[in-house]
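Notes for the one structure printed next.
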Amino acid sequence: NAGVTQTPKFRVLKTGQSMTLLCAQDMNHEYMYWYRQDPGMGLRLIHYSVGEGTTAKGEVPDGYNVSRLKKQNFLLGLESAAPSQTSVYFCASRATIGLGYTFGSGTRLTVV
Amino acid sequence: SQQGEEDPQALSIQEGENATMNCSYKTSINNLQWYRQNSGRGLVHLILIRSNEREKHSGRLRVTLDTSKKSSSLLITASRAADTASYFCATVGGGADGLTFGKGTHLIIQP
């Protein structure tokens, strides 16, 4: 039972490059989330999805796009990376409200 | 914006002692959750307390919630070196738009 799997675990990008972060969950969860964590900060919500084919903006959505074509996968895209997007990105999922979230192990992204 | 604020920001205690962390939040909630994050790792869900509950226990963990003061506390009893980690409180409102986190308390257990 893998839970939530994030790929890649590490990545270095040059300013202006694009990339996609993949989140996959095997728990049949409806809700999926992308967060970023910066030093000394808690996690901040980027985008989320309440089911296959749906996406919505969170607290810090600018510069990111997402897609949920399949229930088990939630993709986070950076079209033109900026140094301000250097962060650790976490994906999470949950079944219904009132239950805890399951987090992936994170993707550490550096934009130079 | 950050919903929760943990206090203290850092806490260092001796193994075997109890550790108490506090969390304050700003808006009404459906539930409040506590997570642990070991260095360089993902977050692990510890315990969830609903807005109509006042206290909850899970193993060595005890969580209280005071909705009138918009505050919660996490007590870890008989601390162990393996409890060294950052602890975050996170609130859930009425919708599906995820957890809102505080900045965390960094707990160090001295052997």
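Residue names in the structure tokens use chain letters A, B, ... in the order shown, residue numbers from 1 in each chain, and ligand numbers from 1 in the order shown.
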Tyr101 of chain A environment, 10 Å, only C-alpha atoms, sequence neighbours closer than 3 positions dropped, as a PyMOL selection string: (chain A and resi 29+31-33+91-98+104) or (chain B and resi 33+35+43-46+98-99)
Please provide the set of residues having any atom within 12 Å of Tyr89 of chain A, restricted to only C-alpha atoms, with same-chain residues fewer than 6 positions apart removed, written as an mmCIF file with C-alpha atoms, in the first residue's frame.
data_model
loop_
_atom_site.group_PDB
_atom_site.id
_atom_site.type_symbol
_atom_site.label_atom_id
_atom_site.label_comp_id
_atom_site.auth_asym_id
_atom_site.auth_seq_id
_atom_site.Cartn_x
_atom_site.Cartn_y
_atom_site.Cartn_z
ATOM 1 C CA GLN A 6 5.390 12.037 -5.623
ATOM 2 C CA THR A 7 7.823 12.162 -8.516
ATOM 3 C CA PRO A 8 10.457 13.425 -8.878
ATOM 4 C CA LYS A 9 11.925 13.781 -5.374
ATOM 5 C CA PHE A 10 14.466 16.424 -6.377
ATOM 6 C CA ARG A 11 14.801 18.753 -9.331
ATOM 7 C CA THR A 20 5.440 18.836 -14.216
ATOM 8 C CA LEU A 21 5.255 17.272 -10.776
ATOM 9 C CA LEU A 22 3.271 14.067 -10.529
ATOM 10 C CA CYS A 23 1.225 12.926 -7.563
ATOM 11 C CA TYR A 33 -4.126 18.903 -2.855
ATOM 12 C CA TRP A 34 -0.844 20.565 -3.742
ATOM 13 C CA TYR A 35 1.014 22.545 -1.063
ATOM 14 C CA ARG A 36 4.318 24.344 -0.937
ATOM 15 C CA GLN A 37 6.485 24.673 2.143
ATOM 16 C CA ASP A 38 9.071 27.406 2.541
ATOM 17 C CA GLY A 42 3.754 26.092 7.420
ATOM 18 C CA LEU A 43 2.326 24.654 4.253
ATOM 19 C CA ARG A 44 0.369 26.870 1.869
ATOM 20 C CA LEU A 45 -2.257 25.547 -0.505
ATOM 21 C CA ILE A 46 -1.560 26.017 -4.237
ATOM 22 C CA HIS A 47 -4.424 24.177 -5.970
ATOM 23 C CA TYR A 64 1.102 27.085 -11.370
ATOM 24 C CA LEU A 75 -0.368 16.969 -11.806
ATOM 25 C CA LEU A 76 1.224 20.297 -10.884
ATOM 26 C CA GLY A 77 2.800 22.275 -13.715
ATOM 27 C CA LEU A 78 5.195 25.183 -13.757
ATOM 28 C CA PHE A 103 0.846 13.307 2.462
ATOM 29 C CA GLY A 104 3.514 12.354 -0.009
ATOM 30 C CA SER A 105 7.192 12.616 0.879
ATOM 31 C CA GLY A 106 7.685 15.838 -1.086
ATOM 32 C CA THR A 107 9.535 17.207 -4.104
ATOM 33 C CA ARG A 108 12.417 19.574 -3.436
ATOM 34 C CA LEU A 109 12.594 22.060 -6.318
ATOM 35 C CA THR A 110 15.341 24.590 -6.818
ATOM 36 C CA GLY B 40 13.224 16.333 5.291
ATOM 37 C CA ARG B 41 10.121 14.146 5.288
ATOM 38 C CA GLY B 42 6.426 14.450 4.580
ATOM 39 C CA LEU B 43 3.745 15.171 7.142
#
Distance filter 10 Å, only C-alpha atoms, chain B against chain A, as number ranges by chain: B: 1-5, 9, 30-35, 40-50, 87-90, 92-106
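By only C-alpha atoms, and with residues fewer than 4 positions from Thr64 of chain B along its chain excluded, the set lying at most 7 Å from it is Arg54, Glu55, Lys56, Ser72, Ser73 and Leu74 of chain B.
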Distance query Asp83 of chain B at most 9 Å, only C-alpha atoms, self and fewer than 6 positions along chain excluded, as an MDAnalysis selection string: chainID B and resid 36 38 76 107:109
Could you write those residues out with all heavy atoms, as a PDB file, in the first residue's frame?
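Listed below is the output, part-v5.pdb:
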ATOM      1  N   ARG B  36       2.809  15.709  12.348  1.00  0.00           N
ATOM      2  CA  ARG B  36       4.232  15.680  12.681  1.00  0.00           C
ATOM      3  C   ARG B  36       5.034  15.623  11.385  1.00  0.00           C
ATOM      4  O   ARG B  36       4.647  14.932  10.428  1.00  0.00           O
ATOM      5  CB  ARG B  36       4.564  14.454  13.529  1.00  0.00           C
ATOM      6  CG  ARG B  36       6.014  14.387  14.000  1.00  0.00           C
ATOM      7  CD  ARG B  36       6.329  13.077  14.704  1.00  0.00           C
ATOM      8  NE  ARG B  36       6.422  11.978  13.751  1.00  0.00           N
ATOM      9  CZ  ARG B  36       5.772  10.834  13.874  1.00  0.00           C
ATOM     10  NH1 ARG B  36       4.960  10.637  14.898  1.00  0.00           N
ATOM     11  NH2 ARG B  36       5.928   9.882  12.973  1.00  0.00           N
ATOM     12  N   ASN B  38       9.029  14.962  10.376  1.00  0.00           N
ATOM     13  CA  ASN B  38      10.434  14.734  10.655  1.00  0.00           C
ATOM     14  C   ASN B  38      11.258  15.454   9.592  1.00  0.00           C
ATOM     15  O   ASN B  38      10.799  15.678   8.480  1.00  0.00           O
ATOM     16  CB  ASN B  38      10.741  13.241  10.667  1.00  0.00           C
ATOM     17  CG  ASN B  38      10.094  12.549  11.845  1.00  0.00           C
ATOM     18  OD1 ASN B  38       8.983  12.033  11.736  1.00  0.00           O
ATOM     19  ND2 ASN B  38      10.755  12.575  12.980  1.00  0.00           N
ATOM     20  N   ILE B  76       2.213  15.744  24.537  1.00  0.00           N
ATOM     21  CA  ILE B  76       2.876  14.457  24.318  1.00  0.00           C
ATOM     22  C   ILE B  76       3.454  14.042  25.668  1.00  0.00           C
ATOM     23  O   ILE B  76       4.300  14.746  26.238  1.00  0.00           O
ATOM     24  CB  ILE B  76       4.009  14.564  23.280  1.00  0.00           C
ATOM     25  CG1 ILE B  76       3.478  15.104  21.957  1.00  0.00           C
ATOM     26  CG2 ILE B  76       4.669  13.205  23.067  1.00  0.00           C
ATOM     27  CD1 ILE B  76       4.570  15.373  20.922  1.00  0.00           C
ATOM     28  N   LEU B 107      10.161  20.621  18.032  1.00  0.00           N
ATOM     29  CA  LEU B 107      10.368  19.956  19.312  1.00  0.00           C
ATOM     30  C   LEU B 107      11.653  19.137  19.278  1.00  0.00           C
ATOM     31  O   LEU B 107      11.845  18.326  18.369  1.00  0.00           O
ATOM     32  CB  LEU B 107       9.186  19.035  19.622  1.00  0.00           C
ATOM     33  CG  LEU B 107       9.292  18.177  20.876  1.00  0.00           C
ATOM     34  CD1 LEU B 107       9.328  19.051  22.124  1.00  0.00           C
ATOM     35  CD2 LEU B 107       8.133  17.183  20.948  1.00  0.00           C
ATOM     36  N   ILE B 108      12.507  19.372  20.256  1.00  0.00           N
ATOM     37  CA  ILE B 108      13.740  18.598  20.391  1.00  0.00           C
ATOM     38  C   ILE B 108      13.698  17.874  21.722  1.00  0.00           C
ATOM     39  O   ILE B 108      13.504  18.498  22.771  1.00  0.00           O
ATOM     40  CB  ILE B 108      14.977  19.512  20.320  1.00  0.00           C
ATOM     41  CG1 ILE B 108      15.053  20.188  18.951  1.00  0.00           C
ATOM     42  CG2 ILE B 108      16.248  18.704  20.588  1.00  0.00           C
ATOM     43  CD1 ILE B 108      16.152  21.230  18.854  1.00  0.00           C
ATOM     44  N   ILE B 109      13.878  16.563  21.666  1.00  0.00           N
ATOM     45  CA  ILE B 109      13.915  15.752  22.877  1.00  0.00           C
ATOM     46  C   ILE B 109      15.381  15.398  23.152  1.00  0.00           C
ATOM     47  O   ILE B 109      16.027  14.695  22.372  1.00  0.00           O
ATOM     48  CB  ILE B 109      13.093  14.460  22.733  1.00  0.00           C
ATOM     49  CG1 ILE B 109      11.677  14.780  22.251  1.00  0.00           C
ATOM     50  CG2 ILE B 109      13.068  13.706  24.064  1.00  0.00           C
ATOM     51  CD1 ILE B 109      10.906  15.690  23.160  1.00  0.00           C
TER      52      ILE B 109
END
Backbone-only DSSP, strand (DSSP E) members of chain B, as number ranges by chain: B: 5-7, 10-14, 19-24, 31-37, 43-50, 55-58, 61-66, 71-76, 85-92, 100-101, 105-110
Gap from atom CA of Thr5 of chain A to atom CA of Ser87 of chain A - Å, one decimal: 17.8 Å
Coordinates-based distance that separates atom CA of Leu11 of chain B from atom CA of Ser71 of chain B (Å, one decimal):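 Value for the atom CA of Ser71 of chain B-atom CA of Leu11 of chain B distance: 18.5 Å.
The space separating atom CA of Glu79 of chain A from atom CA of Glu30 of chain A comes to 26.0 Å.
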